[in-house]
Amino acid sequence: MSAIHTWACVLLWIGFATQDKTPDVTVTCVVSEECILPCSFQPGSKETIEWFRQDEVVYKFERGDDNDDDDEEDSSEEHFEHEKLASRASVFPHLISRGNATLILRRVGLKDRGTYRCHVSTQKGEHNAKVIMKVEAPIQSLSLELSRLSGYEEMKCTIRNVFPAPRVTWVTEPPTFEDLRPVTRKTADKQGLFTVDSRLKTLNGQPDLIYICKVTMSYGSPAWTASLRERAIKGTKGKDLTIPCFAPPYLNNPFLHWSFSNGEDPSHILNYDSQSGRTKSSPPWDNHVELDGFRVPFGDGSLRLMDPKHPEHTGSYTCVFSVPHNTHTERTDVTINDPLDGRRVSGGEAISHWWIIGLVIGVLLLALAGMLAYLKLKGVVSKPRNNPEEVTELHSVKDSAAEGNLNESKLLTAGGTSEQSSLQTGTHLT
């Protein structure tokens, strides 16, 4: 029986010791916003409320005797024991008589985080409660863009003014067998808020990949993702063109936004609201774009560009699928060609081409003619200079032959004359 009695006393003592104990409460507050640290107690009178941070009193509230709810603010005293909490901390005076000593802390900063303890003293006893306060600066936006500033193409994922520093991971769709080696930098400002810059080089030979940047916070906040795909297509003036845009499968019932830029500020084309199923386009684009609203909920937000003009519709078209904490962007560089300009350009190139060929042929002909003239002139001049003695002998032989022929002619002439004279004489004698 003594053992049973002993155990009964121990259990009774534990019950009395823990009847006023409350479990620790953890609250997560947002930078620059209001934070509530809960504390409840058994109502009594002559309440004195003290809030400690790391065992140091930072706030104190005392209520006088026999105060009604209407005038208790006039007879109560509020003390700020910590300069950084001055004018930022308060309780609900009209709720104290109901056992509520909750502390309201405004304009929360990172330096306010820590362990707080609520101590309440009344005529009925004392009460203690512990509150663990965490402070975070959640992600407000996540940007993903293609950059060429480093001399090569890389995806740049940026998050600003967050706390604590998040974790960044990269994947592609479809998955690749190559190792993704991003470079991530985290820098903190004077307030302790982080800016995260993560960069990933694009993979060669795989132009149609979707690059996905995923950011995860450590306090249980939802993860954010941003994905991007880049492409380039060409169209013809006056001929309808479909600009593709497809959402990843993990985006359900997204909101769709289309915009256009040709080196100036982006202009709005249209929006599609998946909740209402309505499409709203801007007036300049009403007669040039068409969207199949029945296909958007299934992830197909392709835009049909009707009767495109050159160069008015040449530029960058961007479609963005978005749901809370997730965005997918597809950017398409569109070039609208004018067939007439192509003909003029090709005709001009042909004329220029034949002009060059004609010039080359003319130069070659002139060079050939000059060479022939030179060779002919060289041959004529060089013949008498080669054998001058042969030339003299030839002239001598020709002169001798001429003289011989002349003498023979004279002899023949003389003989003929003699014969003729003899004949005449004989005739005469006869």
# chains A, B, ... in the order shown; residues from 1 in each chain; ligands from 1
>>> residues_around(residues="Ile212 (chain A)", least_positions_apart="4", cutoff="7 Å", atoms="only C-alpha atoms", output="PDB file with N, CA and C atoms, in the first residue's frame")
ATOM      1  N   TRP A 170      17.235  23.803 -60.049  1.00  0.00           N
ATOM      2  CA  TRP A 170      16.933  23.919 -61.480  1.00  0.00           C
ATOM      3  C   TRP A 170      16.592  22.549 -62.049  1.00  0.00           C
ATOM      4  N   VAL A 171      15.617  22.522 -62.951  1.00  0.00           N
ATOM      5  CA  VAL A 171      15.295  21.329 -63.729  1.00  0.00           C
ATOM      6  C   VAL A 171      14.904  21.776 -65.129  1.00  0.00           C
ATOM      7  N   THR A 172      14.839  20.823 -66.044  1.00  0.00           N
ATOM      8  CA  THR A 172      14.403  21.117 -67.405  1.00  0.00           C
ATOM      9  C   THR A 172      13.248  20.196 -67.770  1.00  0.00           C
ATOM     10  N   THR A 225       7.826  28.655 -58.411  1.00  0.00           N
ATOM     11  CA  THR A 225       8.513  28.194 -59.614  1.00  0.00           C
ATOM     12  C   THR A 225       8.291  29.193 -60.742  1.00  0.00           C
ATOM     13  N   ALA A 226       9.303  29.322 -61.581  1.00  0.00           N
ATOM     14  CA  ALA A 226       9.213  30.128 -62.791  1.00  0.00           C
ATOM     15  C   ALA A 226       9.896  29.345 -63.901  1.00  0.00           C
ATOM     16  N   SER A 227       9.263  29.266 -65.046  1.00  0.00           N
ATOM     17  CA  SER A 227       9.824  28.516 -66.173  1.00  0.00           C
ATOM     18  C   SER A 227       9.789  29.383 -67.424  1.00  0.00           C
ATOM     19  N   LEU A 228      10.719  29.090 -68.348  1.00  0.00           N
ATOM     20  CA  LEU A 228      10.877  29.918 -69.542  1.00  0.00           C
ATOM     21  C   LEU A 228      11.299  29.058 -70.721  1.00  0.00           C
TER      22      LEU A 228
END
>>> select_by_dssp(residues="region 140-359 of chain A", states="alpha helix (DSSP H)", output="ChimeraX atom specification")
/A:339-359
>>> write_last_selection(atoms="C-alpha atoms", output="PDB file, in the first residue's frame")
ATOM      1  CA  PRO A 339       7.749  38.718-100.578  1.00  0.00           C
ATOM      2  CA  LEU A 340       8.050  41.868-102.732  1.00  0.00           C
ATOM      3  CA  ASP A 341      11.036  43.037-100.748  1.00  0.00           C
ATOM      4  CA  GLY A 342      12.547  39.603-101.199  1.00  0.00           C
ATOM      5  CA  ARG A 343      12.140  39.771-104.955  1.00  0.00           C
ATOM      6  CA  ARG A 344      13.630  43.221-105.114  1.00  0.00           C
ATOM      7  CA  VAL A 345      16.493  42.135-102.961  1.00  0.00           C
ATOM      8  CA  SER A 346      17.082  38.940-104.966  1.00  0.00           C
ATOM      9  CA  GLY A 347      16.855  40.888-108.284  1.00  0.00           C
ATOM     10  CA  GLY A 348      19.321  43.427-107.034  1.00  0.00           C
ATOM     11  CA  GLU A 349      21.628  40.657-105.878  1.00  0.00           C
ATOM     12  CA  ALA A 350      21.392  39.013-109.345  1.00  0.00           C
ATOM     13  CA  ILE A 351      22.181  42.297-111.109  1.00  0.00           C
ATOM     14  CA  SER A 352      25.080  42.884-108.799  1.00  0.00           C
ATOM     15  CA  HIS A 353      26.260  39.309-109.356  1.00  0.00           C
ATOM     16  CA  TRP A 354      26.224  39.558-113.185  1.00  0.00           C
ATOM     17  CA  TRP A 355      27.867  42.976-113.072  1.00  0.00           C
ATOM     18  CA  ILE A 356      30.755  41.517-111.119  1.00  0.00           C
ATOM     19  CA  ILE A 357      31.040  38.550-113.507  1.00  0.00           C
ATOM     20  CA  GLY A 358      31.016  40.874-116.535  1.00  0.00           C
ATOM     21  CA  LEU A 359      33.674  43.054-114.993  1.00  0.00           C
TER      22      LEU A 359
END
>>> closest_residue(among="A:Leu209, A:Val30, A:Cys35, A:Val360", to="Thr176 (chain A)", atoms="only C-alpha atoms")
A:Leu209
>>> residues_around(residues="Phe92 (chain A)", least_positions_apart="3", cutoff="10 Å", atoms="only C-alpha atoms", output="list in words")
Glu73, Leu95, Ile96, Ser97, Asn100, Ala101, Thr102, Leu103 and Ile104 of chain A
>>> write_last_selection(atoms="C-alpha atoms", output="CSV table (one decimal), in the first residue's frame")
chain,number,residue,atom,x,y,z
A,73,GLU,CA,-7.9,52.6,-19.7
A,95,LEU,CA,-10.0,42.1,-23.0
A,96,ILE,CA,-7.7,41.8,-19.9
A,97,SER,CA,-10.6,41.2,-17.6
A,100,ASN,CA,-6.6,37.8,-22.6
A,101,ALA,CA,-3.1,39.3,-22.4
A,102,THR,CA,-2.2,39.0,-26.1
A,103,LEU,CA,0.6,41.3,-27.3
A,104,ILE,CA,0.3,43.1,-30.6
>>> residues_around(residues="region 329-336 of chain A", least_positions_apart="3", cutoff="8 Å", atoms="only C-alpha atoms", output="mmCIF file with N, CA and C atoms, in the first residue's frame")
data_model
loop_
_atom_site.group_PDB
_atom_site.id
_atom_site.type_symbol
_atom_site.label_atom_id
_atom_site.label_comp_id
_atom_site.auth_asym_id
_atom_site.auth_seq_id
_atom_site.Cartn_x
_atom_site.Cartn_y
_atom_site.Cartn_z
ATOM 1 N N ALA A 226 9.303 29.322 -61.581
ATOM 2 C CA ALA A 226 9.213 30.128 -62.791
ATOM 3 C C ALA A 226 9.896 29.345 -63.901
ATOM 4 N N SER A 227 9.263 29.266 -65.046
ATOM 5 C CA SER A 227 9.824 28.516 -66.173
ATOM 6 C C SER A 227 9.789 29.383 -67.424
ATOM 7 N N LEU A 228 10.719 29.090 -68.348
ATOM 8 C CA LEU A 228 10.877 29.918 -69.542
ATOM 9 C C LEU A 228 11.299 29.058 -70.721
ATOM 10 N N ARG A 229 10.719 29.370 -71.891
ATOM 11 C CA ARG A 229 11.128 28.746 -73.147
ATOM 12 C C ARG A 229 11.244 29.849 -74.207
ATOM 13 N N GLU A 230 12.342 29.799 -74.979
ATOM 14 C CA GLU A 230 12.605 30.779 -76.038
ATOM 15 C C GLU A 230 12.588 30.072 -77.390
ATOM 16 N N ARG A 231 12.026 30.764 -78.398
ATOM 17 C CA ARG A 231 12.028 30.234 -79.760
ATOM 18 C C ARG A 231 11.961 31.386 -80.754
ATOM 19 N N ALA A 232 12.180 31.058 -82.027
ATOM 20 C CA ALA A 232 12.105 32.045 -83.106
ATOM 21 C C ALA A 232 11.415 31.404 -84.303
ATOM 22 N N ILE A 233 10.476 32.139 -84.920
ATOM 23 C CA ILE A 233 9.771 31.650 -86.100
ATOM 24 C C ILE A 233 9.664 32.773 -87.122
ATOM 25 N N LYS A 234 9.338 32.395 -88.376
ATOM 26 C CA LYS A 234 9.187 33.369 -89.448
ATOM 27 C C LYS A 234 7.814 33.220 -90.086
ATOM 28 N N GLY A 235 7.297 34.348 -90.566
ATOM 29 C CA GLY A 235 6.015 34.357 -91.245
ATOM 30 C C GLY A 235 6.083 35.203 -92.496
ATOM 31 N N THR A 236 4.982 35.225 -93.242
ATOM 32 C CA THR A 236 4.911 35.970 -94.490
ATOM 33 C C THR A 236 3.824 37.025 -94.390
ATOM 34 N N LYS A 237 4.086 38.173 -94.919
ATOM 35 C CA LYS A 237 3.123 39.277 -94.902
ATOM 36 C C LYS A 237 1.804 38.842 -95.533
ATOM 37 N N ILE A 243 1.367 31.451 -83.430
ATOM 38 C CA ILE A 243 2.486 31.588 -82.499
ATOM 39 C C ILE A 243 2.247 30.621 -81.346
ATOM 40 N N CYS A 245 2.246 28.436 -77.835
ATOM 41 C CA CYS A 245 2.423 28.678 -76.396
ATOM 42 C C CYS A 245 1.732 27.552 -75.644
ATOM 43 N N PHE A 246 2.516 26.781 -74.878
ATOM 44 C CA PHE A 246 1.982 25.627 -74.169
ATOM 45 C C PHE A 246 2.432 25.662 -72.710
ATOM 46 N N PRO A 308 -0.837 39.428 -90.937
ATOM 47 C CA PRO A 308 0.279 40.182 -90.338
ATOM 48 C C PRO A 308 0.878 41.178 -91.318
ATOM 49 N N LYS A 309 1.346 42.286 -90.790
ATOM 50 C CA LYS A 309 1.959 43.348 -91.573
ATOM 51 C C LYS A 309 3.466 43.358 -91.359
ATOM 52 N N HIS A 310 4.143 43.947 -92.342
ATOM 53 C CA HIS A 310 5.602 44.103 -92.245
ATOM 54 C C HIS A 310 5.919 45.593 -92.330
ATOM 55 N N PRO A 311 6.655 46.159 -91.367
ATOM 56 C CA PRO A 311 7.291 45.480 -90.211
ATOM 57 C C PRO A 311 6.511 45.643 -88.913
ATOM 58 N N HIS A 313 4.283 43.978 -87.329
ATOM 59 C CA HIS A 313 4.099 42.801 -86.484
ATOM 60 C C HIS A 313 5.367 41.977 -86.321
ATOM 61 N N THR A 314 6.492 42.511 -86.715
ATOM 62 C CA THR A 314 7.771 41.857 -86.462
ATOM 63 C C THR A 314 8.281 42.286 -85.088
ATOM 64 N N GLY A 315 8.564 41.312 -84.229
ATOM 65 C CA GLY A 315 9.034 41.634 -82.882
ATOM 66 C C GLY A 315 8.951 40.419 -81.976
ATOM 67 N N SER A 316 8.928 40.668 -80.669
ATOM 68 C CA SER A 316 8.925 39.609 -79.665
ATOM 69 C C SER A 316 7.533 39.475 -79.046
ATOM 70 N N TYR A 317 6.962 38.269 -79.131
ATOM 71 C CA TYR A 317 5.655 37.972 -78.550
ATOM 72 C C TYR A 317 5.866 37.127 -77.293
ATOM 73 N N THR A 318 5.224 37.536 -76.194
ATOM 74 C CA THR A 318 5.407 36.860 -74.910
ATOM 75 C C THR A 318 4.064 36.416 -74.358
ATOM 76 N N CYS A 319 3.968 35.132 -74.033
ATOM 77 C CA CYS A 319 2.780 34.622 -73.349
ATOM 78 C C CYS A 319 3.187 34.151 -71.958
ATOM 79 N N VAL A 320 2.341 34.442 -70.972
ATOM 80 C CA VAL A 320 2.631 34.091 -69.578
ATOM 81 C C VAL A 320 1.422 33.371 -68.991
ATOM 82 N N PHE A 321 1.626 32.100 -68.614
ATOM 83 C CA PHE A 321 0.638 31.365 -67.833
ATOM 84 C C PHE A 321 0.958 31.581 -66.362
#
>>> select_by_dssp(residues="region 138-330 of chain A", states="strand (DSSP E)", output="ChimeraX atom specification")
/A:143-147,154-162,167-173,183-188,194-201,210-216,224-236,241-243,255-261,267-273,278-281,289-291,303-305,315-323,326-330
>>> atom_distance(atom1="CA of Glu34 (chain A)", atom2="CA of Gly109 (chain A)")
10.0 Å
>>> atom_distance(atom1="CA of Leu193 (chain A)", atom2="CA of Ala165 (chain A)")
8.1 Å
>>> atom_distance(atom1="CA of Asn161 (chain A)", atom2="CA of Glu56 (chain A)")
29.9 Å
>>> closest_residue(among="A:Met217, A:Leu105, A:Val196, A:Cys157", to="Pro138 (chain A)", atoms="only C-alpha atoms")
A:Met217
>>> residues_around(residues="Pro283 (chain A)", least_positions_apart="6", cutoff="10 Å", atoms="only C-alpha atoms", output="JSON, numbers by chain")
{"A": [268, 269, 270]}
>>> residues_around(residues="His119 (chain A)", least_positions_apart="2", cutoff="9 Å", atoms="only C-alpha atoms", output="PyMOL selection string")
chain A and resi 39+48-52+117+121+126-130
>>> write_last_selection(atoms="N, CA and C atoms", output="CSV table (one decimal), in the first residue's frame")
chain,number,residue,atom,x,y,z
A,39,CYS,N,-1.6,35.1,-25.5
A,39,CYS,CA,-1.4,34.7,-24.1
A,39,CYS,C,-2.8,34.8,-23.4
A,48,THR,N,-1.4,42.3,-13.4
A,48,THR,CA,-0.1,42.9,-13.9
A,48,THR,C,0.4,42.0,-15.0
A,49,ILE,N,0.6,42.6,-16.2
A,49,ILE,CA,1.1,41.8,-17.3
A,49,ILE,C,2.5,42.2,-17.7
A,50,GLU,N,3.3,41.2,-17.8
A,50,GLU,CA,4.7,41.5,-18.2
A,50,GLU,C,5.1,40.6,-19.4
A,51,TRP,N,5.7,41.1,-20.4
A,51,TRP,CA,6.2,40.4,-21.5
A,51,TRP,C,7.8,40.4,-21.5
A,52,PHE,N,8.4,39.3,-21.5
A,52,PHE,CA,9.8,39.2,-21.5
A,52,PHE,C,10.3,38.7,-22.9
A,117,ARG,N,8.1,35.5,-23.4
A,117,ARG,CA,7.4,34.9,-22.3
A,117,ARG,C,6.4,35.9,-21.7
A,121,SER,N,0.2,38.3,-13.4
A,121,SER,CA,0.0,38.1,-11.9
A,121,SER,C,-1.4,38.7,-11.5
A,126,GLU,N,-0.5,33.3,-10.5
A,126,GLU,CA,0.3,33.7,-11.6
A,126,GLU,C,0.2,32.7,-12.8
A,127,HIS,N,0.5,33.3,-13.9
A,127,HIS,CA,0.4,32.5,-15.2
A,127,HIS,C,1.6,32.8,-16.1
A,128,ASN,N,2.2,31.8,-16.7
A,128,ASN,CA,3.3,32.0,-17.6
A,128,ASN,C,3.0,31.2,-18.9
A,129,ALA,N,3.4,31.9,-20.0
A,129,ALA,CA,3.2,31.2,-21.4
A,129,ALA,C,4.4,31.7,-22.2
A,130,LYS,N,4.9,30.7,-23.0
A,130,LYS,CA,6.0,31.0,-23.9
A,130,LYS,C,5.6,31.0,-25.3
